[in-house]
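Containing mmCIF, C-alpha atoms and all ligand atoms: run.cif.
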```
data_entry
#
loop_
_atom_site.label_atom_id
_atom_site.label_comp_id
_atom_site.auth_asym_id
_atom_site.auth_seq_id
_atom_site.Cartn_x
_atom_site.Cartn_y
_atom_site.Cartn_z
CA SER A 1 85.87 91.53 114.93
CA SER A 2 85.03 91.38 111.24
CA LYS A 3 88.47 92.62 110.22
CA GLY A 4 90.66 90.17 108.36
CA LEU A 5 93.60 88.76 110.30
CA ILE A 6 97.15 89.72 109.37
CA VAL A 7 99.70 87.16 110.57
CA SER A 8 103.30 88.32 110.80
CA PHE A 9 105.99 85.66 110.99
CA GLY A 10 109.57 85.91 112.21
CA GLU A 11 111.68 87.26 115.02
CA MET A 12 111.18 89.68 117.84
CA LEU A 13 114.13 90.93 119.81
CA ILE A 14 115.44 93.74 121.93
CA ASP A 15 117.70 96.40 120.48
CA PHE A 16 120.09 97.84 123.02
CA VAL A 17 120.72 101.42 121.96
CA PRO A 18 123.44 103.54 123.64
CA THR A 19 122.03 106.31 125.84
CA VAL A 20 124.32 108.82 124.12
CA SER A 21 124.67 109.08 120.36
CA GLY A 22 127.81 108.95 118.28
CA VAL A 23 129.76 106.47 120.39
CA SER A 24 131.03 102.95 119.73
CA LEU A 25 129.39 100.10 121.61
CA ALA A 26 132.43 99.74 123.83
CA GLU A 27 132.21 103.41 124.84
CA ALA A 28 128.49 103.45 125.59
CA PRO A 29 127.83 104.52 129.17
CA GLY A 30 124.52 102.66 129.16
CA PHE A 31 121.81 101.28 126.93
CA LEU A 32 118.11 101.80 126.37
CA LYS A 33 116.05 98.70 125.66
CA ALA A 34 114.05 99.11 122.46
CA PRO A 35 111.79 96.19 121.54
CA GLY A 36 111.84 95.47 117.84
CA GLY A 37 112.28 92.94 115.11
CA ALA A 38 110.65 93.85 111.82
CA PRO A 39 107.86 91.23 111.83
CA ALA A 40 106.80 92.21 115.36
CA ASN A 41 106.88 95.90 114.42
CA VAL A 42 104.60 95.17 111.46
CA ALA A 43 102.10 93.32 113.69
CA ILE A 44 101.96 96.26 116.10
CA ALA A 45 101.74 98.76 113.22
CA VAL A 46 98.58 96.91 112.16
CA THR A 47 96.87 96.90 115.57
CA ARG A 48 97.84 100.54 116.21
CA LEU A 49 95.89 101.35 113.05
CA GLY A 50 92.88 99.40 114.29
CA GLY A 51 93.56 96.19 112.36
CA ARG A 52 93.77 92.63 113.64
CA ALA A 53 97.20 90.96 113.84
CA ALA A 54 98.96 87.92 115.24
CA PHE A 55 102.68 87.38 115.67
CA VAL A 56 104.13 83.93 114.99
CA GLY A 57 107.60 83.21 116.32
CA LYS A 58 109.66 81.94 119.21
CA LEU A 59 110.98 83.75 122.26
CA GLY A 60 113.21 82.67 125.09
CA ASP A 61 111.47 81.58 128.29
CA ASP A 62 113.35 84.35 130.07
CA GLU A 63 112.81 87.89 131.32
CA PHE A 64 113.25 89.42 127.87
CA GLY A 65 110.99 86.91 126.14
CA HIS A 66 108.14 87.53 128.54
CA MET A 67 108.69 91.27 128.33
CA LEU A 68 108.33 91.08 124.53
CA ALA A 69 105.23 88.87 124.71
CA GLY A 70 103.77 91.43 127.13
CA ILE A 71 104.42 94.26 124.67
CA LEU A 72 102.59 92.38 121.91
CA LYS A 73 99.66 91.73 124.23
CA GLU A 74 99.50 95.33 125.45
CA ASN A 75 99.29 96.37 121.85
CA GLY A 76 96.45 94.00 121.05
CA VAL A 77 98.50 91.58 118.96
CA SER A 78 97.41 87.95 119.33
CA GLY A 79 100.06 85.79 120.99
CA ASP A 80 98.44 82.52 119.93
CA GLY A 81 101.36 81.86 117.62
CA ILE A 82 104.12 82.49 120.14
CA ASN A 83 106.24 79.63 121.46
CA PHE A 84 108.75 79.88 124.29
CA ASP A 85 111.99 77.93 124.06
CA LYS A 86 112.98 76.25 127.31
CA GLY A 87 116.71 76.36 126.60
CA ALA A 88 117.75 79.19 124.31
CA ARG A 89 117.49 82.85 125.15
CA THR A 90 115.70 85.73 123.49
CA ALA A 91 117.63 87.40 120.67
CA LEU A 92 119.39 90.65 121.52
CA ALA A 93 120.95 93.24 119.26
CA PHE A 94 123.36 96.03 120.16
CA VAL A 95 123.27 98.75 117.54
CA THR A 96 124.98 102.10 117.40
CA LEU A 97 125.70 104.84 114.93
CA ARG A 98 129.30 105.74 115.70
CA ALA A 99 130.82 109.19 115.43
CA ASP A 100 132.46 108.16 112.13
CA GLY A 101 128.98 107.55 110.68
CA GLU A 102 129.32 103.76 110.56
CA ARG A 103 126.67 101.52 112.04
CA GLU A 104 128.05 98.99 114.46
CA PHE A 105 126.10 95.81 115.24
CA MET A 106 126.54 93.06 117.75
CA PHE A 107 124.04 90.24 118.12
CA TYR A 108 123.25 87.68 120.73
CA ARG A 109 122.14 84.80 118.53
CA ASN A 110 124.13 81.65 119.23
CA PRO A 111 121.50 80.43 118.70
CA SER A 112 118.68 82.55 120.05
CA ALA A 113 115.19 81.19 120.65
CA ASP A 114 113.71 82.63 117.43
CA MET A 115 116.04 80.46 115.35
CA LEU A 116 114.78 77.30 117.06
CA LEU A 117 111.13 77.42 116.02
CA THR A 118 110.31 74.02 114.51
CA PRO A 119 107.67 73.19 111.88
CA GLU A 120 105.88 70.98 114.45
CA GLU A 121 105.44 73.91 116.83
CA LEU A 122 103.55 76.09 114.36
CA ASN A 123 99.96 77.01 115.20
CA LEU A 124 98.65 76.04 111.77
CA GLU A 125 95.05 76.80 112.64
CA LEU A 126 96.00 80.41 113.32
CA ILE A 127 98.16 80.62 110.21
CA ARG A 128 95.40 79.20 108.01
CA SER A 129 92.96 81.81 109.29
CA ALA A 130 95.11 84.67 107.95
CA LYS A 131 93.89 86.92 105.16
CA VAL A 132 97.44 88.18 104.83
CA PHE A 133 100.60 86.32 105.81
CA HIS A 134 103.60 88.61 106.14
CA TYR A 135 107.20 87.48 106.60
CA GLY A 136 110.28 89.51 106.60
CA SER A 137 113.04 88.21 108.65
CA ILE A 138 116.28 86.41 108.92
CA SER A 139 114.48 83.18 109.79
CA LEU A 140 115.58 81.78 106.44
CA ILE A 141 119.17 81.53 107.54
CA VAL A 142 119.29 78.36 109.58
CA GLU A 143 117.38 75.26 110.54
CA PRO A 144 115.01 74.52 112.09
CA CYS A 145 113.40 77.94 111.69
CA ARG A 146 113.97 77.87 107.95
CA SER A 147 111.74 74.79 107.62
CA ALA A 148 109.19 76.37 109.94
CA HIS A 149 109.22 79.48 107.77
CA LEU A 150 108.67 77.50 104.56
CA LYS A 151 105.91 75.40 106.11
CA ALA A 152 104.07 78.41 107.53
CA MET A 153 104.29 80.19 104.18
CA GLU A 154 102.90 77.20 102.29
CA ALA A 155 100.09 76.64 104.81
CA ALA A 156 99.00 80.26 104.56
CA LYS A 157 99.17 80.25 100.78
CA ASP A 158 97.19 76.98 100.50
CA ALA A 159 94.51 78.48 102.75
CA GLY A 160 94.19 81.41 100.36
CA ALA A 161 96.11 84.14 102.17
CA LEU A 162 97.87 86.92 100.40
CA LEU A 163 101.63 86.56 100.94
CA SER A 164 103.62 89.69 101.72
CA TYR A 165 107.42 89.73 101.85
CA ASP A 166 109.99 92.23 103.08
CA PRO A 167 113.52 90.81 102.91
CA ASN A 168 114.83 93.12 105.65
CA LEU A 169 118.37 92.58 104.53
CA ARG A 170 120.80 93.04 107.37
CA LEU A 171 124.02 91.71 105.95
CA PRO A 172 125.93 91.36 109.22
CA LEU A 173 123.54 88.57 110.12
CA TRP A 174 124.16 86.48 107.03
CA PRO A 175 127.15 84.20 106.62
CA SER A 176 127.87 85.87 103.28
CA ALA A 177 126.33 88.26 100.79
CA GLU A 178 126.05 85.47 98.25
CA GLU A 179 124.09 83.31 100.65
CA ALA A 180 121.83 86.20 101.55
CA ARG A 181 121.00 86.80 97.88
CA GLU A 182 120.39 83.11 97.28
CA GLN A 183 118.12 82.67 100.28
CA ILE A 184 116.10 85.78 99.53
CA MET A 185 115.66 84.75 95.91
CA SER A 186 114.74 81.19 96.94
CA ILE A 187 111.38 82.43 98.26
CA TRP A 188 111.03 85.45 96.00
CA ASP A 189 108.48 83.98 93.62
CA LYS A 190 106.07 82.89 96.36
CA ALA A 191 105.04 86.39 97.38
CA ASP A 192 102.06 88.35 96.08
CA VAL A 193 103.37 91.63 97.46
CA ILE A 194 107.05 92.51 97.96
CA LYS A 195 108.49 95.60 99.56
CA VAL A 196 112.19 96.36 99.21
CA SER A 197 114.27 99.39 100.08
CA ASP A 198 116.43 101.07 97.45
CA VAL A 199 119.49 99.54 99.11
CA GLU A 200 118.01 96.05 98.88
CA LEU A 201 117.09 96.67 95.28
CA GLU A 202 120.71 97.50 94.43
CA PHE A 203 121.87 94.43 96.30
CA LEU A 204 119.40 92.08 94.64
CA THR A 205 119.79 93.39 91.09
CA GLY A 206 123.54 93.71 91.51
CA SER A 207 123.36 97.09 89.85
CA ASP A 208 123.85 100.54 91.32
CA LYS A 209 122.01 102.09 88.40
CA ILE A 210 118.43 101.57 89.45
CA ASP A 211 115.74 102.37 86.94
CA ASP A 212 112.34 100.93 86.07
CA GLU A 213 113.90 98.35 83.80
CA SER A 214 116.39 96.97 86.32
CA THR A 215 113.66 97.00 88.97
CA MET A 216 111.33 95.03 86.71
CA SER A 217 114.07 92.44 86.20
CA LEU A 218 113.02 91.22 89.66
CA TRP A 219 109.40 90.79 88.58
CA HIS A 220 107.93 87.29 88.78
CA PRO A 221 104.65 85.95 87.37
CA ASN A 222 102.89 85.50 90.75
CA LEU A 223 103.68 89.01 91.90
CA LYS A 224 100.84 91.53 92.15
CA LEU A 225 102.69 94.48 93.58
CA LEU A 226 106.35 95.42 93.98
CA LEU A 227 107.14 98.40 96.19
CA VAL A 228 110.43 100.21 96.55
CA THR A 229 110.72 102.49 99.58
CA LEU A 230 113.00 105.49 99.21
CA GLY A 231 113.02 107.16 102.63
CA GLU A 232 112.44 110.90 102.25
CA ASN A 233 111.80 110.35 98.55
CA GLY A 234 108.68 108.32 99.17
CA CYS A 235 108.11 105.11 97.27
CA LYS A 236 107.72 103.57 93.85
CA TYR A 237 105.16 100.99 92.89
CA TYR A 238 105.10 98.44 90.10
CA THR A 239 102.23 96.23 88.97
CA LYS A 240 101.75 94.24 85.79
CA ASN A 241 99.75 97.10 84.30
CA PHE A 242 101.19 100.33 85.61
CA HIS A 243 103.94 101.85 87.69
CA GLY A 244 104.67 105.18 89.30
CA GLY A 245 105.79 106.96 92.43
CA VAL A 246 104.28 108.53 95.53
CA GLU A 247 106.06 111.39 97.26
CA ALA A 248 106.98 111.40 100.92
CA PHE A 249 105.41 113.76 103.44
CA HIS A 250 107.58 116.49 104.92
CA VAL A 251 108.13 115.89 108.62
CA LYS A 252 110.75 116.62 111.22
CA THR A 253 112.68 113.34 111.24
CA VAL A 254 114.53 112.29 114.37
CA ASP A 255 114.90 108.51 113.94
CA THR A 256 113.95 106.46 110.88
CA THR A 257 113.83 103.12 112.73
CA GLY A 258 110.63 101.28 111.92
CA ALA A 259 109.54 103.51 109.02
CA GLY A 260 109.54 100.62 106.57
CA ASP A 261 107.61 98.37 108.98
CA SER A 262 105.08 101.11 109.59
CA PHE A 263 104.70 101.53 105.82
CA VAL A 264 104.12 97.79 105.36
CA GLY A 265 101.68 97.53 108.27
CA ALA A 266 99.65 100.40 106.88
CA LEU A 267 99.62 98.93 103.39
CA LEU A 268 98.46 95.53 104.65
CA CYS A 269 95.75 97.12 106.81
CA LYS A 270 94.38 98.95 103.80
CA ILE A 271 94.46 95.78 101.73
CA VAL A 272 92.39 93.76 104.22
CA ASP A 273 90.12 96.74 104.88
CA ASP A 274 89.17 97.23 101.32
CA GLN A 275 85.73 95.72 100.94
CA ALA A 276 86.09 95.38 97.20
CA ILE A 277 89.31 93.47 97.61
CA LEU A 278 87.92 91.16 100.26
CA GLU A 279 84.73 90.39 98.41
CA ALA A 280 86.40 89.49 95.18
CA SER A 281 89.35 87.30 96.18
CA ILE A 282 92.07 89.27 97.82
CA LYS A 283 94.64 88.05 95.36
CA THR A 284 93.31 89.12 92.05
CA VAL A 285 92.08 92.59 92.71
CA ILE A 286 94.56 94.37 94.84
CA LEU A 287 95.65 96.55 92.15
CA TYR A 288 92.94 96.90 89.67
CA ASP A 289 92.82 100.63 90.09
CA GLU A 290 95.87 102.90 90.10
CA ALA A 291 94.10 105.84 91.74
CA ARG A 292 92.99 103.58 94.59
CA LEU A 293 96.49 102.16 94.94
CA ARG A 294 98.00 105.64 95.09
CA GLU A 295 95.57 106.55 97.87
CA VAL A 296 96.61 103.44 99.82
CA LEU A 297 100.29 104.27 99.34
CA ARG A 298 99.80 107.86 100.43
CA PHE A 299 98.40 106.49 103.66
CA ALA A 300 101.37 104.10 103.99
CA CYS A 301 103.84 106.95 103.31
CA ALA A 302 102.13 109.11 105.93
CA CYS A 303 102.48 106.29 108.46
CA GLY A 304 106.14 105.81 107.53
CA ALA A 305 106.80 109.54 107.86
CA ILE A 306 105.15 109.81 111.29
CA THR A 307 107.25 106.89 112.51
CA THR A 308 110.41 108.92 111.80
CA THR A 309 109.31 111.78 114.05
CA LYS A 310 109.88 109.92 117.33
CA LYS A 311 112.69 107.78 118.68
CA GLY A 312 112.34 104.02 118.38
CA ALA A 313 110.01 101.95 116.25
CA ILE A 314 107.09 100.75 118.36
CA PRO A 315 106.48 103.98 120.32
CA ALA A 316 106.49 105.90 117.03
CA LEU A 317 103.91 103.84 115.12
CA PRO A 318 100.87 106.01 114.31
CA THR A 319 97.14 105.72 114.81
CA VAL A 320 94.72 106.24 111.93
CA SER A 321 93.85 109.72 113.15
CA ALA A 322 97.51 110.74 113.26
CA ALA A 323 97.94 109.48 109.70
CA HIS A 324 94.84 111.31 108.49
CA GLY A 325 96.04 114.40 110.29
CA LEU A 326 99.25 114.42 108.29
CA ILE A 327 97.48 113.64 105.00
CA LYS A 328 94.99 116.47 105.45
CA GLY A 329 97.83 118.80 106.46
P1 LIG B 401 112.93 101.07 104.93
O1 LIG B 401 112.91 101.06 106.42
O2 LIG B 401 112.30 99.89 104.33
O3 LIG B 401 114.24 101.47 104.32
P2 LIG B 401 112.09 103.75 104.38
O4 LIG B 401 113.06 104.29 105.34
O5 LIG B 401 112.24 104.07 102.95
O6 LIG B 401 111.88 102.20 104.55
O7 LIG B 401 110.66 104.28 104.88
C1 LIG B 401 109.44 103.77 104.43
C2 LIG B 401 108.53 104.91 104.04
O8 LIG B 401 108.42 105.83 105.14
C3 LIG B 401 109.07 105.73 102.87
O9 LIG B 401 108.57 105.20 101.66
C4 LIG B 401 108.51 107.10 103.18
O10 LIG B 401 107.20 107.24 102.66
C5 LIG B 401 108.46 107.16 104.68
N1 LIG B 401 109.68 107.83 105.19
C6 LIG B 401 110.84 107.25 105.57
N2 LIG B 401 111.76 108.18 105.92
C7 LIG B 401 111.15 109.38 105.77
C8 LIG B 401 111.56 110.75 105.96
N3 LIG B 401 112.79 111.05 106.40
N4 LIG B 401 110.66 111.74 105.70
C9 LIG B 401 109.41 111.43 105.27
N5 LIG B 401 108.98 110.17 105.06
C10 LIG B 401 109.83 109.17 105.30
#
```
Go through the file and emit its structure as structure tokens.
Ligand code: ADP
Amino acid sequence: SSKGLIVSFGEMLIDFVPTVSGVSLAEAPGFLKAPGGAPANVAIAVTRLGGRAAFVGKLGDDEFGHMLAGILKENGVSGDGINFDKGARTALAFVTLRADGEREFMFYRNPSADMLLTPEELNLELIRSAKVFHYGSISLIVEPCRSAHLKAMEAAKDAGALLSYDPNLRLPLWPSAEEAREQIMSIWDKADVIKVSDVELEFLTGSDKIDDESTMSLWHPNLKLLLVTLGENGCKYYTKNFHGGVEAFHVKTVDTTGAGDSFVGALLCKIVDDQAILEASIKTVILYDEARLREVLRFACACGAITTTKKGAIPALPTVSAAHGLIKG
């Protein structure tokens, strides 16, 4: 295929979601298995939209790991960057929204296979062939996957890929908030494109009064595009030359899981699709034209919105025709 490759780096895991809503984990009568992990969701978002994607990460050499690899394959995502760990098991997450409105998390990661990816195991040939290298996971937390993460990022960047970052802050996974902020900021200035949620923006700026000025305090000289996703309020975009907002589409939302990943996958697809961008170095031109950018973000918002209309992340990721259907109304 002539489409540019999007490589997504990080973890893939299984979310165990209680079969009834509004209960604590201890009260759950049973669980549904929902494959997820933001980087894997992004890779599948890309292929669902007709793009080309590879997932790079490590799974356990167990039932769950092979199930996840199978899901990537079924969805047309290249598994050439997947390693299986002989010892550690696939990461698992138990997540529930309790009756009191609090989210309760429990993780199997002590350590899980994804955290054991080493720099030596990376498929550098695959990584160097990426037009876009996306990362967005908790793989910064511990060694050896932190070193693998940094090496993969550098290899992709040296080979000319566009770097895309989504911090995917899930505080329960970090040893402390301070460490989370430090680790996120330690790779902040490498990325060409960054997508944060409004919650992450508050966390990273340390301010609950978010405006254009406090948002731009996170700007760095290498950055081409900063996006802030706002759920049912759409998104905001910032470039060196202009900034603005794109409204969300009205849909019947049942579960917002995966909306941000769908948004990112759609954005990255449009970036590698754009002939003008590909012909003139992907890095310099992304955002030469505000009208073009707004069109791309409308598409990304439509994809995000559709993803909220079905339960789960992966089953809810849209095709191009579904996205166009919503855009045309
Ligand atoms: P994140 O998962 O990063 O917090 P959001 O939940 O903000 O991301 O979702 C990403 C995008 O998906 C939003 O910018 C918006 O365009 C769309 N979206 C999310 N939730 C809704 C919703 N309830 N209604 C319509 N669109 C939504």
Worksheet entry | Selection near region 181-193 of chain A, 8 Å with only C-alpha atoms, sequence-local residues under 4 positions removed, as a PyMOL selection string | chain A and resi 140-141+162-165+167+177+203-204+220-227+283
Fill in: Surrounding residues as a PyMOL selection string, ligand LIG 401 (chain B), max 10 Å, only C-alpha atoms and all ligand atoms
chain A and resi 38+166-169+195-200+227-236+245-264+297-309
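The smallest atom-to-atom distance between Lys58 (chain A) and any of A:Ser139, A:Ser129, A:Asn41, A:Ser21, using all atoms listed in the file, is found for A:Ser139.
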Response to the item:
Between CA of Leu150 (chain A) and CA of Asp85 (chain A) lies a distance of 19.8 Å
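Relative to CA of Phe9 (chain A), CA of His134 (chain A) is found at 6.2 Å.
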Worksheet item: Any idea what's packed within 8 Å of Met106 (chain A), counting all atoms listed in the file, ignoring anything in its chain fewer than 3 positions away? Could you give it as a PyMOL selection string?
Response: chain A and resi 93-95
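With distances restricted to only C-alpha atoms, A:Leu32 is the closest residue to Thr19 (chain A) from A:Val7, A:Val296, A:Leu59, A:Leu32.
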Worksheet item: Got a sec: who's within 9 Å of Lys151 (chain A), counting all atoms listed in the file, leaving out chain neighbours fewer than 5 positions off, as number ranges by chain?
Response: A: 119, 122, 146, 156
